[in-house]
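All remarks here apply to the structure that follows.
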Amino acid sequence: MKNKFDLIIFDWDGTLIDSIDWIVHCLQTAGKQCGCDIPEPQAAKDVIGLSIRKACAKLFPGADDETLTQLTDCYQQTYLSRQLSREDLFPGVYEMLVELKQAGYQLAVATGKTRTGLQEALQATDTEDLFCITRCSDEAASKPDPLMLHQIMQHANAANERSLMVGDSTHDLQMAMNAQISSIAVSCGAHPQDILQQYSPLICLQQPAELLNIIRG
């Protein structure tokens, strides 16, 4: 796969950072505090990657607009109560990103997080300068709509066939399919390998840092 891509776009939660269990806890906490049924862990994992309001609407289908606002506010308050650091990145991720950038790849993030949430995470992990552009769900459409990817590719002046999406959820891979770009899956996050492979990724990795050897060729 060496020299096949110019632009590598990463999802954030569950792809670069080990945060899935924490997100599940935050969604369950939001449900409990707002008087809703507490979702099962896999049900919560299934909505990770969507914008938080869309995720809550899917996870708590009986919630009205006021309750959805309460759920999203509670989720965000709980999520931001935990101080992140570079140690929360999956093993080898920071070094991988540094090497890829030094090798000339343009790197980007496409995430279901809000801009506020992503900025805090980028600063806490000291990774902001590694990406040429980042896009969040409150700046575009929620996954699997391809708008985020289109905006990123336009900014990077990268062709579809030279762009790669790396993600851990079906929403990431469906977004890549909708944008007509290649994808690589990682099975350390929201969805297991057998589910991810249904979305035709080039390969499914167990850990994101394995991407480095794939790209080196």
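Residue names in the structure tokens use chain letters A, B, ... in the order shown, residue numbers from 1 in each chain, and ligand numbers from 1 in the order shown.
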Checklist entry - When DSSP works through the backbone of this structure, what residues of region 3-215 of chain A end up as alpha helix (DSSP H), shown as a ChimeraX atom specification? => result /A:20-33,41-47,52-59,65-79,93-102,115-125,147-156,170-179,193-196,211-215
Next on the checklist: Residues within 10 Å of Thr116 (chain A), please, as a PyMOL selection string. Count only C-alpha atoms; anything in the same chain fewer than 5 positions from it doesn't count.
Outcome noted: chain A and resi 76+80+121+136+138
Go ahead and dump the residues you just picked, N, CA and C atoms, as an mmCIF file, in the first residue's frame.
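Ended up saving to out_1.cif:
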data_model
loop_
_atom_site.group_PDB
_atom_site.id
_atom_site.type_symbol
_atom_site.label_atom_id
_atom_site.label_comp_id
_atom_site.auth_asym_id
_atom_site.auth_seq_id
_atom_site.Cartn_x
_atom_site.Cartn_y
_atom_site.Cartn_z
ATOM 1 N N GLN A 76 -22.319 15.280 27.757
ATOM 2 C CA GLN A 76 -21.143 16.123 27.573
ATOM 3 C C GLN A 76 -20.501 16.502 28.897
ATOM 4 N N LEU A 80 -16.657 15.307 29.723
ATOM 5 C CA LEU A 80 -15.604 16.299 29.941
ATOM 6 C C LEU A 80 -15.085 16.309 31.377
ATOM 7 N N ALA A 121 -9.659 17.328 23.434
ATOM 8 C CA ALA A 121 -8.936 16.062 23.293
ATOM 9 C C ALA A 121 -7.615 16.258 22.552
ATOM 10 N N CYS A 136 -15.793 18.086 12.594
ATOM 11 C CA CYS A 136 -16.660 17.566 13.646
ATOM 12 C C CYS A 136 -18.107 17.570 13.186
ATOM 13 N N ASP A 138 -20.699 18.908 14.449
ATOM 14 C CA ASP A 138 -21.441 20.170 14.541
ATOM 15 C C ASP A 138 -20.951 21.196 13.520
#
Item to check | Given only C-alpha atoms as the counted atoms, nearest of A:Cys56, A:Ala110, A:Leu130, A:Ile23 to Leu97 (chain A) | outcome: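 Among the listed residues, the smallest separation from Leu97 (chain A) belongs to A:Leu130.
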Item to check | Distance criterion (only C-alpha atoms): nearest to Thr114 (chain A) out of A:Asn157, A:Ser51, A:Ser81, A:Gln102 | outcome: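 For Thr114 (chain A), the nearest of the candidates is A:Ser51.
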Next on the checklist: I'd like the contact shell of Ile38 (chain A) - 9 Å cut-off, only C-alpha atoms, skipping same-chain residues fewer than 2 positions apart - returned as a ChimeraX atom specification.
Outcome noted: /A:27-32,35-36,40,60
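Restricting the calculation to only C-alpha atoms, the smallest distance between Ser163 (chain A) and any of A:Arg86, A:His191, A:Lys45, A:His150 is found for A:His150.
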